[in-house]
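coords.csv, holding CSV, C-alpha atoms and all ligand atoms:
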```
chain,number,residue,atom,x,y,z
A,709,MET,CA,7.8,-14.3,26.3
A,710,ALA,CA,9.1,-12.7,23.1
A,711,ALA,CA,6.7,-12.0,20.4
A,712,ARG,CA,6.5,-14.1,17.3
A,713,ILE,CA,7.9,-12.3,14.3
A,714,LEU,CA,5.5,-11.7,11.4
A,715,ASP,CA,8.1,-12.1,8.7
A,716,GLY,CA,7.4,-9.8,5.7
A,717,ARG,CA,10.3,-11.1,3.6
A,718,ALA,CA,9.1,-14.7,3.9
A,719,LEU,CA,5.6,-13.7,3.0
A,720,ALA,CA,6.8,-11.6,0.1
A,721,ALA,CA,8.8,-14.5,-1.2
A,722,GLU,CA,5.7,-16.7,-1.2
A,723,LEU,CA,3.6,-14.0,-2.9
A,724,ARG,CA,6.4,-13.5,-5.5
A,725,GLU,CA,6.2,-17.1,-6.5
A,726,ALA,CA,2.4,-16.9,-7.0
A,727,ALA,CA,2.8,-13.6,-8.9
A,728,ALA,CA,5.4,-15.1,-11.2
A,729,GLY,CA,3.0,-18.0,-12.0
A,730,ARG,CA,0.2,-15.5,-12.8
A,731,SER,CA,2.6,-13.5,-15.0
A,732,ALA,CA,3.6,-16.7,-16.9
A,733,ARG,CA,0.0,-17.5,-17.6
A,734,LEU,CA,-0.6,-14.0,-18.9
A,735,ARG,CA,2.5,-14.1,-21.0
A,736,ALA,CA,1.4,-17.4,-22.5
A,737,ARG,CA,-1.7,-15.4,-23.7
A,738,GLY,CA,0.6,-12.7,-25.2
A,739,VAL,CA,0.1,-10.2,-22.4
A,740,VAL,CA,3.1,-8.7,-20.7
A,741,PRO,CA,2.0,-7.2,-17.4
A,742,ARG,CA,3.3,-3.7,-17.2
A,743,LEU,CA,3.4,-1.0,-14.6
A,744,GLU,CA,4.2,2.6,-15.5
A,745,ALA,CA,5.6,4.7,-12.7
A,746,VAL,CA,5.2,8.4,-13.4
A,747,VAL,CA,7.9,10.5,-11.7
A,748,VAL,CA,7.8,14.3,-11.9
A,749,GLY,CA,11.2,15.8,-11.3
A,750,ALA,CA,14.3,14.2,-10.0
A,751,ASP,CA,13.7,13.5,-6.3
A,752,PRO,CA,16.5,11.0,-5.5
A,753,ALA,CA,14.4,9.0,-3.0
A,754,SER,CA,11.6,8.7,-5.6
A,755,LEU,CA,13.9,7.6,-8.3
A,756,ALA,CA,15.6,5.1,-6.0
A,757,TYR,CA,12.2,3.7,-5.0
A,758,VAL,CA,10.9,3.2,-8.6
A,759,ARG,CA,14.2,1.6,-9.6
A,760,SER,CA,13.8,-0.8,-6.7
A,761,LEU,CA,10.3,-1.5,-8.1
A,762,GLN,CA,11.9,-2.4,-11.4
A,763,THR,CA,14.1,-5.0,-9.7
A,764,ALA,CA,11.1,-6.4,-7.7
A,765,GLY,CA,9.0,-6.4,-10.9
A,766,GLU,CA,11.6,-8.5,-12.8
A,767,LYS,CA,11.3,-11.2,-10.1
A,768,ALA,CA,7.5,-11.1,-10.0
A,769,GLY,CA,7.1,-11.1,-13.8
A,770,VAL,CA,5.9,-7.5,-14.0
A,771,GLU,CA,7.6,-5.0,-16.4
A,772,VAL,CA,8.1,-1.7,-14.6
A,773,ARG,CA,8.7,1.4,-16.8
A,774,ILE,CA,9.5,4.8,-15.5
A,775,ALA,CA,7.8,7.7,-17.2
A,776,ARG,CA,9.8,10.8,-16.2
A,777,LEU,CA,8.5,14.3,-16.5
A,778,PRO,CA,10.5,17.5,-16.1
A,779,ASP,CA,10.4,19.2,-12.7
A,780,ASP,CA,8.7,22.3,-14.2
A,781,CYS,CA,5.9,20.5,-15.9
A,782,ASP,CA,2.4,21.8,-15.2
A,783,GLU,CA,-0.7,20.0,-13.9
A,784,ALA,CA,-2.3,19.8,-17.4
A,785,ARG,CA,0.7,17.9,-18.7
A,786,VAL,CA,0.7,15.4,-15.9
A,787,ARG,CA,-3.0,14.8,-16.4
A,788,THR,CA,-2.5,14.3,-20.1
A,789,VAL,CA,0.2,11.7,-19.5
A,790,LEU,CA,-2.1,9.9,-17.0
A,791,HIS,CA,-4.9,9.9,-19.6
A,792,VAL,CA,-2.6,8.6,-22.4
A,793,LEU,CA,-1.4,5.8,-20.1
A,794,GLY,CA,-5.1,5.0,-19.3
A,795,GLU,CA,-5.8,4.6,-23.0
A,796,ASP,CA,-2.7,2.5,-23.7
A,797,PRO,CA,-3.7,-1.2,-24.0
A,798,LEU,CA,-0.1,-2.3,-23.2
A,799,VAL,CA,-0.2,-0.6,-19.8
A,800,HIS,CA,-2.0,-2.4,-16.9
A,801,GLY,CA,-1.0,-0.3,-13.9
A,802,VAL,CA,-0.1,3.3,-13.3
A,803,ILE,CA,1.4,4.9,-10.2
A,804,LEU,CA,2.2,8.6,-9.6
A,805,GLN,CA,5.3,8.9,-7.4
A,806,GLN,CA,5.1,11.3,-4.5
A,807,PRO,CA,6.1,13.8,-3.4
A,808,LEU,CA,5.2,16.0,-6.4
A,809,PRO,CA,7.1,19.2,-6.9
A,810,ALA,CA,5.6,22.0,-4.7
A,811,HIS,CA,3.8,23.8,-7.6
A,812,LEU,CA,1.7,20.7,-8.3
A,813,GLU,CA,-1.4,19.8,-6.3
A,814,LEU,CA,-1.9,16.1,-5.9
A,815,ARG,CA,-5.7,16.3,-5.4
A,816,ARG,CA,-6.4,17.8,-8.8
A,817,ILE,CA,-4.0,15.4,-10.5
A,818,ALA,CA,-5.1,12.3,-8.7
A,819,GLU,CA,-8.6,12.6,-10.2
A,820,ALA,CA,-7.0,12.1,-13.7
A,821,MET,CA,-5.5,8.7,-12.6
A,822,PRO,CA,-7.3,6.1,-14.7
A,823,PRO,CA,-9.4,4.2,-12.1
A,824,ALA,CA,-9.1,0.7,-13.6
A,825,LYS,CA,-5.3,0.9,-13.7
A,826,ASP,CA,-4.9,2.8,-10.4
A,827,VAL,CA,-2.9,0.1,-8.6
A,828,ASP,CA,-1.9,2.3,-5.7
A,829,ALA,CA,-5.4,3.7,-5.3
A,830,THR,CA,-4.4,7.3,-5.8
A,831,ASN,CA,-7.7,8.4,-7.4
A,832,PRO,CA,-10.1,9.4,-4.6
A,833,LEU,CA,-12.7,7.2,-6.4
A,834,ASN,CA,-10.8,4.1,-5.4
A,835,LEU,CA,-10.5,5.2,-1.7
A,836,GLY,CA,-14.2,6.1,-1.8
A,837,ARG,CA,-15.2,2.7,-3.1
A,838,LEU,CA,-13.7,1.1,0.0
A,839,ALA,CA,-16.5,2.7,2.0
A,840,PHE,CA,-19.0,0.5,0.1
A,841,ARG,CA,-17.4,-2.8,-0.6
A,842,ALA,CA,-13.9,-3.0,0.8
A,843,GLY,CA,-11.7,-5.6,-0.7
A,844,THR,CA,-13.4,-6.0,-4.0
A,845,GLU,CA,-11.7,-3.0,-5.7
A,846,LEU,CA,-8.1,-2.0,-6.2
A,847,VAL,CA,-6.7,-1.5,-2.7
A,848,ALA,CA,-3.6,0.6,-2.3
A,849,ALA,CA,-0.4,-1.4,-1.8
A,850,THR,CA,0.4,-0.5,1.8
A,851,PRO,CA,-3.1,-1.1,3.3
A,852,SER,CA,-3.2,-4.3,1.3
A,853,ALA,CA,0.1,-5.4,2.8
A,854,VAL,CA,-1.2,-4.8,6.3
A,855,MET,CA,-4.2,-7.1,5.6
A,856,LEU,CA,-2.0,-9.8,4.0
A,857,LEU,CA,0.2,-9.8,7.1
A,858,LEU,CA,-2.9,-10.0,9.3
A,859,GLU,CA,-4.2,-13.0,7.3
A,860,ARG,CA,-1.0,-14.8,8.3
A,861,SER,CA,-1.3,-13.8,11.9
A,862,GLU,CA,-3.0,-15.4,14.9
A,863,ARG,CA,-5.7,-12.8,14.5
A,864,SER,CA,-6.7,-13.7,11.0
A,865,ALA,CA,-10.3,-14.1,12.1
A,866,LEU,CA,-10.9,-10.4,12.6
A,867,ARG,CA,-14.6,-10.5,13.4
A,868,GLY,CA,-15.3,-8.6,16.6
A,869,VAL,CA,-11.7,-8.1,17.3
A,870,ARG,CA,-10.7,-4.8,18.9
A,871,ALA,CA,-8.4,-3.1,16.4
A,872,CYS,CA,-6.7,0.3,16.9
A,873,VAL,CA,-5.2,2.2,13.9
A,874,VAL,CA,-2.8,5.0,14.8
A,875,GLY,CA,-2.8,7.6,12.0
A,876,ARG,CA,-5.6,8.7,9.7
A,877,SER,CA,-3.8,9.4,6.5
A,878,SER,CA,-5.7,8.8,3.3
A,879,VAL,CA,-2.9,6.5,2.1
A,880,VAL,CA,-2.6,4.2,5.1
A,881,GLY,CA,-4.6,4.8,8.3
A,882,LEU,CA,-8.0,5.6,6.8
A,883,PRO,CA,-8.0,2.7,4.2
A,884,VAL,CA,-6.7,0.3,6.8
A,885,ALA,CA,-9.5,1.2,9.1
A,886,LEU,CA,-12.1,0.7,6.3
A,887,LEU,CA,-10.6,-2.7,5.4
A,888,LEU,CA,-10.7,-3.8,9.1
A,889,LEU,CA,-14.3,-2.6,9.4
A,890,ALA,CA,-15.2,-4.6,6.3
A,891,ARG,CA,-13.8,-7.6,8.1
A,892,ASP,CA,-16.1,-6.9,11.0
A,893,ALA,CA,-13.3,-5.8,13.4
A,894,THR,CA,-14.3,-3.1,16.0
A,895,VAL,CA,-12.1,-0.3,14.9
A,896,THR,CA,-10.8,2.7,16.8
A,897,LEU,CA,-9.0,5.3,14.6
A,898,VAL,CA,-6.7,7.6,16.6
A,899,HIS,CA,-4.5,10.5,15.4
A,900,ARG,CA,-2.4,13.5,16.3
A,901,ARG,CA,-5.3,15.2,18.1
A,902,THR,CA,-6.4,12.2,20.1
A,903,ILE,CA,-6.2,12.8,23.8
A,904,ASP,CA,-4.6,10.0,25.9
A,905,LEU,CA,-3.4,7.8,23.0
A,906,PRO,CA,-2.3,5.0,25.3
A,907,SER,CA,-5.8,4.5,26.7
A,908,TYR,CA,-6.8,3.4,23.2
A,909,THR,CA,-3.8,1.5,22.1
A,910,ARG,CA,-3.8,-0.5,25.3
A,911,ASP,CA,-7.3,-1.7,24.6
A,912,ALA,CA,-6.3,-3.2,21.2
A,913,GLU,CA,-5.9,-6.8,20.3
A,914,VAL,CA,-4.7,-5.7,16.9
A,915,LEU,CA,-2.6,-2.5,16.8
A,916,ILE,CA,-1.6,-0.8,13.5
A,917,ALA,CA,1.0,1.9,13.8
A,918,ALA,CA,0.9,4.3,10.8
A,919,ALA,CA,1.8,7.7,12.3
A,920,GLY,CA,5.2,8.4,10.8
A,921,THR,CA,6.6,9.1,14.2
A,922,PRO,CA,9.6,6.9,15.2
A,923,GLY,CA,9.3,5.1,18.5
A,924,LEU,CA,5.8,6.4,19.1
A,925,ILE,CA,4.4,3.1,20.3
A,926,ARG,CA,6.1,2.1,23.6
A,927,GLY,CA,5.9,-1.1,25.5
A,928,GLU,CA,3.5,0.2,28.1
A,929,MET,CA,1.1,1.2,25.4
A,930,VAL,CA,0.5,-2.4,24.2
A,931,THR,CA,-1.6,-5.1,25.8
A,932,PRO,CA,0.1,-8.4,26.4
A,933,GLY,CA,-0.3,-10.8,23.5
A,934,ALA,CA,-1.4,-8.1,21.0
A,935,THR,CA,-0.7,-8.4,17.2
A,936,VAL,CA,1.3,-5.3,16.3
A,937,ILE,CA,1.8,-4.2,12.6
A,938,ASP,CA,4.3,-1.4,12.2
A,939,VAL,CA,3.8,0.6,9.0
A,940,GLY,CA,6.2,3.3,9.9
A,941,THR,CA,9.1,4.0,7.6
A,942,ASN,CA,11.2,6.6,9.3
A,943,TYR,CA,14.8,7.4,8.8
A,944,VAL,CA,16.7,8.2,12.0
A,945,ASP,CA,20.4,8.9,11.5
A,946,GLY,CA,20.2,7.2,8.1
A,947,LYS,CA,18.7,4.1,9.6
A,948,LEU,CA,15.2,2.8,8.7
A,949,CYS,CA,13.0,2.3,11.7
A,950,GLY,CA,9.3,2.0,12.4
A,951,ASP,CA,6.7,3.8,14.6
A,952,VAL,CA,7.1,1.1,17.2
A,953,ALA,CA,9.8,0.9,19.9
A,954,TYR,CA,10.6,-2.6,18.7
A,955,ASP,CA,12.5,-4.2,21.7
A,956,GLU,CA,10.1,-2.9,24.3
A,957,VAL,CA,7.0,-3.8,22.3
A,958,ALA,CA,8.3,-7.2,21.2
A,959,ALA,CA,8.7,-8.1,24.9
A,960,VAL,CA,4.9,-7.6,25.5
A,961,ALA,CA,3.2,-8.3,22.1
A,962,GLY,CA,2.1,-11.7,20.9
A,963,GLU,CA,3.2,-11.0,17.3
A,964,ILE,CA,5.0,-8.1,15.7
A,965,THR,CA,6.3,-7.0,12.3
A,966,PRO,CA,9.9,-5.9,12.2
A,967,VAL,CA,11.2,-2.8,10.4
A,968,PRO,CA,12.8,-3.4,7.9
A,969,GLY,CA,11.5,-6.8,6.8
A,970,GLY,CA,7.8,-6.4,7.7
A,971,VAL,CA,5.2,-4.3,5.9
A,972,GLY,CA,7.7,-3.0,3.3
A,973,PRO,CA,8.5,-6.1,1.3
A,974,VAL,CA,4.9,-7.2,1.3
A,975,THR,CA,3.8,-3.7,0.0
A,976,THR,CA,6.0,-4.1,-3.1
A,977,LEU,CA,4.4,-7.5,-3.8
A,978,ALA,CA,0.9,-6.2,-3.1
A,979,LEU,CA,1.5,-3.5,-5.8
A,980,MET,CA,2.7,-6.2,-8.3
A,981,MET,CA,-0.4,-8.3,-7.5
A,982,ASN,CA,-2.6,-5.3,-8.3
A,983,VAL,CA,-0.9,-4.9,-11.7
A,984,LEU,CA,-1.5,-8.6,-12.4
A,985,THR,CA,-5.1,-8.4,-11.3
A,986,SER,CA,-5.6,-5.4,-13.6
A,987,ALA,CA,-3.8,-7.2,-16.5
A,988,GLU,CA,-6.0,-10.2,-16.0
A,989,GLN,CA,-9.1,-8.1,-16.0
A,990,ILE,CA,-8.0,-6.1,-19.1
A,991,ALA,CA,-7.1,-9.3,-20.9
A,992,SER,CA,-10.4,-11.1,-20.2
A,993,ALA,CA,-12.3,-7.9,-21.2
A,994,SER,CA,-10.6,-7.8,-24.5
A,995,LEU,CA,-11.2,-11.5,-25.1
A,996,ARG,CA,-14.9,-10.9,-24.4
A,997,ARG,CA,-14.9,-8.0,-26.9
A,998,GLU,CA,-13.4,-10.2,-29.6
A,999,GLY,CA,-16.1,-12.7,-28.9
A,1000,ALA,CA,-13.5,-15.4,-28.1
A,1001,VAL,CA,-15.2,-16.4,-24.8
B,1,LIG,P1,1.5,8.0,6.8
B,1,LIG,O1,1.8,8.1,5.4
B,1,LIG,O2,2.5,7.1,7.6
B,1,LIG,O3,0.1,7.6,7.1
B,1,LIG,P2,1.1,10.8,7.3
B,1,LIG,O4,2.2,11.8,7.8
B,1,LIG,O5,0.4,11.1,6.1
B,1,LIG,O6,1.8,9.4,7.5
B,1,LIG,O7,0.0,10.8,8.5
B,1,LIG,C1,0.4,10.6,9.8
B,1,LIG,C2,-0.8,10.3,10.6
B,1,LIG,O8,-0.4,9.9,11.9
B,1,LIG,C3,-1.8,11.5,10.8
B,1,LIG,O9,-3.1,11.0,10.8
B,1,LIG,C4,-1.4,12.0,12.2
B,1,LIG,O10,-2.6,12.5,12.9
B,1,LIG,C5,-1.0,10.7,12.9
B,1,LIG,N1,0.0,11.0,13.9
B,1,LIG,C6,1.2,11.6,13.8
B,1,LIG,N2,1.9,11.7,14.9
B,1,LIG,C7,1.1,11.2,15.9
B,1,LIG,C8,1.1,11.1,17.3
B,1,LIG,N3,2.2,11.5,18.0
B,1,LIG,N4,0.1,10.5,17.9
B,1,LIG,C9,-1.0,10.1,17.3
B,1,LIG,N5,-1.1,10.2,15.9
B,1,LIG,C10,-0.1,10.7,15.3
```
Using structure tokens, write down the structure from this file.
Ligand code: ADP
Amino acid sequence: MAARILDGRALAAELREAAAGRSARLRARGVVPRLEAVVVGADPASLAYVRSLQTAGEKAGVEVRIARLPDDCDEARVRTVLHVLGEDPLVHGVILQQPLPAHLELRRIAEAMPPAKDVDATNPLNLGRLAFRAGTELVAATPSAVMLLLERSERSALRGVRACVVGRSSVVGLPVALLLLARDATVTLVHRRTIDLPSYTRDAEVLIAAAGTPGLIRGEMVTPGATVIDVGTNYVDGKLCGDVAYDEVAAVAGEITPVPGGVGPVTTLALMMNVLTSAEQIASASLRREGAV
């Protein structure tokens, strides 16, 4: 039997409607939810991405501004810009577009990201917080999208479920593993150095593919009926494809996210929802300061 498709576009449309409602309530209180996307240099893919965020933001009621910095700007300047955005009461979310130019080291800059506005969890503080109380702090957009899709899946009750995460990157694999653990799944985290990958993936009731390797997950690596979430965004001959060999795996799995149309559209909305959450928190904090509530 063919797998049920976990439709990211449909979920994104639902989330967009809810986001627009939250935005309208904020705007009625005089707050315009705003995301600043910091782009260093002129990487065309980065610029195309942040422009796509502007379009998505318009529909979700979030104003997205692009803060462009010259290619040759130094670390201190990027840190200063992040600091200024952190202090600006009109800004609710900040993202730092990657890749950075080669002379800049993400690690040192990431620590300057204002934690309360860090809507894609770039500051190591926000990743670290997941180790203590996953789900209560700002969770990066992609891991958050994985969890939103799982909530809509047949495996929404994750307690005790065998989950395998392929890839241990700090932006996807690791935070997803921590979020799954926080939901009481039994998590196996596998990576490039894992010996005999299929022996782990085959055991999984929930399989998250976040390796950045097109077609890595083959049909015979998946247990019948598994829920498969494909986080891969690979371009092969100019065509977007995931980490999962879709046709083969869809013939075995119980549920599967397509690429495109799966994790991607939900990720954009997860980012917008983080901006709204941050705007709501900042707005209530300022009301409290004014003694209005
Ligand atoms: P992403 O942003 O999708 O997480 P990264 O390139 O940052 O991508 O990380 C890729 C992760 O996937 C790494 O943890 C790496 O070990 C893992 N990975 C890559 N290729 C394979 C593979 N062939 N088998 C298992 N894990 C892999």
Contacts to ligand LIG 1 (chain B) at 8 Å cut-off (only C-alpha atoms and all ligand atoms) as a ChimeraX atom specification: /A:874-881,898-902,905,918-921,924,939-941
Among listed residues A:Ala711, A:Arg787, A:Ala745, A:Pro752, nearest Gln805 (chain A) (using all atoms listed in the file): A:Ala745
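As for CA of Ala953 (chain A) and CA of Gly923 (chain A), they are spaced 4.5 Å apart.
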For Val957 (chain A), the nearest of the candidates A:Ile925, A:Leu719, A:Leu866, A:Leu977, counting all atoms listed in the file: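 Distance minimum relative to Val957 (chain A) lands on A:Ile925.
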I'd like a table as a tab-separated table: residues in region 740-803 of chain A with an atom no more than 10 Å from region 815-838 of chain A, each row giving the shortest atom pair and its distance in Å to one decimal, all atoms listed in the file counted, sorted by chain and rising residue number.
```
residue	atom	partner	partner_atom	distance
A:Leu743	CA	A:Val827	CA	8.8
A:Glu744	CA	A:Lys825	CA	9.8
A:Glu783	CA	A:Ile817	CA	6.6
A:Ala784	CA	A:Ile817	CA	8.4
A:Arg785	CA	A:Ile817	CA	9.8
A:Val786	CA	A:Ile817	CA	7.2
A:Arg787	CA	A:Ala820	CA	5.5
A:Thr788	CA	A:Ala820	CA	8.1
A:Val789	CA	A:Ala820	CA	9.3
A:Leu790	CA	A:Met821	CA	5.7
A:His791	CA	A:Ala820	CA	6.6
A:Val792	CA	A:Pro822	CA	9.4
A:Leu793	CA	A:Pro822	CA	8.0
A:Gly794	CA	A:Pro822	CA	5.2
A:Glu795	CA	A:Pro822	CA	8.6
A:Val799	CA	A:Lys825	CA	8.1
A:His800	CA	A:Lys825	CA	5.7
A:Gly801	CA	A:Lys825	CA	4.5
A:Val802	CA	A:Asp826	CA	5.6
A:Ile803	CA	A:Asp828	CA	6.2
```
Can those selected residues be exported to a file as a CSV table (one decimal), keeping the file's coordinate frame so that it contains C-alpha atoms?
```
chain,number,residue,atom,x,y,z
A,743,LEU,CA,3.4,-1.0,-14.6
A,744,GLU,CA,4.2,2.6,-15.5
A,783,GLU,CA,-0.7,20.0,-13.9
A,784,ALA,CA,-2.3,19.8,-17.4
A,785,ARG,CA,0.7,17.9,-18.7
A,786,VAL,CA,0.7,15.4,-15.9
A,787,ARG,CA,-3.0,14.8,-16.4
A,788,THR,CA,-2.5,14.3,-20.1
A,789,VAL,CA,0.2,11.7,-19.5
A,790,LEU,CA,-2.1,9.9,-17.0
A,791,HIS,CA,-4.9,9.9,-19.6
A,792,VAL,CA,-2.6,8.6,-22.4
A,793,LEU,CA,-1.4,5.8,-20.1
A,794,GLY,CA,-5.1,5.0,-19.3
A,795,GLU,CA,-5.8,4.6,-23.0
A,799,VAL,CA,-0.2,-0.6,-19.8
A,800,HIS,CA,-2.0,-2.4,-16.9
A,801,GLY,CA,-1.0,-0.3,-13.9
A,802,VAL,CA,-0.1,3.3,-13.3
A,803,ILE,CA,1.4,4.9,-10.2
```
Pairwise distance for CA of Glu845 (chain A) and CA of Gly716 (chain A), rounded to one decimal in Å: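 Separation between CA of Glu845 (chain A) and CA of Gly716 (chain A): 23.3 Å.
Note that CA of Leu948 (chain A) and CA of Tyr908 (chain A) are 26.4 Å apart.
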Residue neighbourhood region 961-975 of chain A, 7 Å, all atoms listed in the file, exclusion window fewer than 4 positions, as number ranges by chain: A: 711-717, 719-720, 849-850, 853-854, 930-939, 948-950, 957, 979
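Neighbours of Pro906 (chain A) closer than or equal to 9 Å, with only C-alpha atoms counted and sequence neighbours fewer than 3 positions away skipped, come out as Ile903, Thr909, Arg910, Asp911, Ile925, Glu928, Met929 and Val930 of chain A.
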Pick from A:Ile990, A:Val914, A:Ala958, A:Ala775, whichever lies nearest to Leu857 (chain A) using only C-alpha atoms: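 Closest residue, counting only C-alpha atoms: A:Val914.
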Contacts of Lys767 (chain A) at 10 Å (all atoms listed in the file; same-chain gap of 2+ positions) as a PyMOL selection string: chain A and resi 721+724-725+727-728+761-765+769-771
Which residue of A:Leu882, A:Val748, A:Ala993, A:Leu846 approaches Gln806 (chain A) most closely, using only C-alpha atoms: A:Val748
What's around Ala885 (chain A) at 7 Å? Count only C-alpha atoms, leave out sequence neighbours fewer than 5 positions away in its own chain, and write the answer as a PDB file with C-alpha atoms, in the coordinates of the input.
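Once everything was written out, this is result38.pdb:
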```pdb
ATOM      1  CA  VAL A 873      -5.200   2.200  13.900  1.00  0.00           C
ATOM      2  CA  VAL A 895     -12.100  -0.300  14.900  1.00  0.00           C
ATOM      3  CA  LEU A 897      -9.000   5.300  14.600  1.00  0.00           C
TER       4      LEU A 897
END
```
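Checking A:Asp782, A:Glu998, A:Glu988, A:Glu722 one by one against Arg742 (chain A), counting all atoms listed in the file, you find the shortest gap at A:Glu988.
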Distance query Asp751 (chain A) at most 12 Å, only C-alpha atoms, self and fewer than 3 positions along chain excluded, as a list in words: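 Everything that qualifies: Val747, Val748, Ser754, Leu755, Ala756, Tyr757, Val758, Arg776, Leu777, Pro778, Asp779, Gln805, Gln806, Pro807, Leu808, Pro809 and Ala810 of chain A.
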Nearest to Val869 (chain A) by atom-to-atom distance, counting all atoms listed in the file, from A:Ala978, A:Leu889, A:Glu913, A:Met855: A:Glu913
